[in-house]
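Asks: A single structure is presented below for examination.
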Amino acid sequence: MPDTGFDLSNASNRQLLCLHGDVLAALKQRAVVRTRNAPSADYAEWLVADRLHLTLLGNSHEGYDATDAYNTRYQIKSRWLNTPKALRQLSPIRNLASRLFDYLIVVLFSSDFGVQEAYQMPIEVIGDYARYSKHINGHILVMKGAILSDPRVKAIARLLLTDCGVKGGTSLCLAM
């Protein structure tokens, strides 16, 4: 983790949870996140929209999160890889057969919320690699293995970064 200059080691659990709430409130006020839920999904949506010049839609818009100037529809998913062995499974993709979006953008954050990896893929790719789960009523996509070398999947991490390059040899820097 980066050194933030704050020593939180003596803070109580309640104080840390309050700080977490205050941080989310501040990020929401800055329009970096749109809800007070876990911030990685909102942050990914904001970051992708900002760097790729997309227009974010409302929080409850079905099927996609953003559009571009040509009305191309983008679903944005993220995963916070907070440990080296963190799962690379995305949240469920619902109603895949309805083709509610054109492209999926996936952002994988490192433990310090740096952009570790990011990908853009057409909707057809998801059907080739995801498995349907009746239990959750959605498709499960895991961002490892053959999907990462599929020529239809574009690595786009560099498009999401500021000009700060590689940080710590493992994670690309936080794009704020």
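Letters A, B, ... mark the chains of the structure tokens in the order given; residue numbers begin at 1 per chain; ligand numbers begin at 1, in order shown.
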Restrict the calculation to only C-alpha atoms, then for each residue of region 92-124 of chain A with any atom at most 9 Å from an atom of region 63-67 of chain A give the closest atom pair and their distance in Å to one decimal, rows by chain and rising residue number, as a tab-separated table.

Replies:
```
residue	atom	partner	partner_atom	distance
A:Ile93	CA	A:Gly63	CA	8.5
A:Arg94	CA	A:Gly63	CA	7.4
A:Asn95	CA	A:Gly63	CA	7.6
A:Leu96	CA	A:Gly63	CA	8.7
A:Ser98	CA	A:Gly63	CA	8.9
A:Arg99	CA	A:Gly63	CA	8.2
A:Leu100	CA	A:Gly63	CA	4.9
A:Phe101	CA	A:Tyr64	CA	5.5
A:Asp102	CA	A:Tyr64	CA	8.6
A:Tyr103	CA	A:Tyr64	CA	9.0
A:Leu104	CA	A:Tyr64	CA	8.7
```

Asks: Sort by chain and increasing residue number a table of all residues of region 25-69 of chain A within 7 Å of region 78-92 of chain A, each with its closest pair of atoms and their distance in Å to one decimal, counting only C-alpha atoms, and write it as a Markdown table.

Replies:
```
| residue | atom | partner | partner_atom | distance |
| --- | --- | --- | --- | --- |
| A:Ser40 | CA | A:Trp80 | CA | 6.5 |
| A:Ala41 | CA | A:Ser78 | CA | 5.7 |
| A:Ala44 | CA | A:Ser78 | CA | 6.3 |
```

Asks: Can you pull out the residues contacting region 158-162 of chain A? Cut-off 12 Å, using only C-alpha atoms, and skip same-chain residues under 6 positions away; I want them as a PyMOL selection string.

Replies: chain A and resi 43-53+105-109+113-120+171-176

Asks: Write out as an MDAnalysis selection string all residues of chain A that backbone DSSP assigns to helix (DSSP H, G or I).

Replies: chainID A and resid 13:29 39:52 96:98 123:129 145:149 157:160

Asks: Any chance you can output those residues with C-alpha atoms as a compact mmCIF listing (two decimals), in the first residue's frame?

Replies:
```txt
# COMPACT_ATOMS: atom_id res chain seq x y z
CA ASN A 13 -12.89 -0.16 14.19
CA ARG A 14 -15.74 2.32 14.54
CA GLN A 15 -13.43 5.25 13.77
CA LEU A 16 -12.14 3.47 10.66
CA LEU A 17 -15.68 2.73 9.48
CA CYS A 18 -16.65 6.38 10.05
CA LEU A 19 -13.58 7.50 8.10
CA HIS A 20 -14.58 5.13 5.30
CA GLY A 21 -18.03 6.75 5.21
CA ASP A 22 -16.51 10.24 5.21
CA VAL A 23 -14.16 9.31 2.36
CA LEU A 24 -17.06 7.93 0.31
CA ALA A 25 -19.09 11.09 1.00
CA ALA A 26 -16.18 13.26 -0.17
CA LEU A 27 -15.68 11.16 -3.32
CA LYS A 28 -19.42 11.34 -4.02
CA GLN A 29 -19.37 15.14 -3.60
CA PRO A 39 -16.24 2.45 -4.45
CA SER A 40 -14.36 0.33 -7.00
CA ALA A 41 -17.31 -0.03 -9.40
CA ASP A 42 -18.24 3.65 -9.30
CA TYR A 43 -14.60 4.66 -9.54
CA ALA A 44 -14.10 2.43 -12.59
CA GLU A 45 -17.16 3.92 -14.30
CA TRP A 46 -15.98 7.46 -13.59
CA LEU A 47 -12.40 6.72 -14.69
CA VAL A 48 -13.42 5.00 -17.93
CA ALA A 49 -15.93 7.73 -18.80
CA ASP A 50 -13.40 10.47 -18.04
CA ARG A 51 -10.46 8.97 -19.94
CA LEU A 52 -12.43 7.60 -22.92
CA LEU A 96 -26.62 -11.20 -22.23
CA ALA A 97 -28.97 -12.58 -24.90
CA SER A 98 -30.78 -9.23 -25.04
CA ILE A 123 -20.22 -8.44 -26.54
CA GLU A 124 -19.65 -11.56 -28.68
CA VAL A 125 -16.50 -12.38 -26.71
CA ILE A 126 -18.46 -12.74 -23.49
CA GLY A 127 -20.62 -15.52 -24.90
CA ASP A 128 -17.48 -17.43 -25.89
CA TYR A 129 -15.91 -17.35 -22.40
CA GLY A 145 -6.74 -17.59 -19.28
CA ALA A 146 -7.63 -17.69 -22.97
CA ILE A 147 -9.84 -14.60 -22.96
CA LEU A 148 -6.81 -12.41 -22.29
CA SER A 149 -5.12 -13.55 -25.51
CA ALA A 157 -4.87 0.14 -19.37
CA ARG A 158 -2.59 2.83 -20.81
CA LEU A 159 -5.63 4.81 -21.96
CA LEU A 160 -6.81 5.07 -18.36
```

Asks: Under the rule that only C-alpha atoms are counted, which of A:Ser9, A:Arg131, A:His139, A:Leu56 is the nearest residue to Val32 (chain A)?

Replies: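 Smallest separation from Val32 (chain A) among the options: A:Leu56.
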
Asks: Rounded to one decimal place, report the CA of Tyr132 (chain A)-CA of Asn37 (chain A) distance in Å.

Replies: 25.7 Å
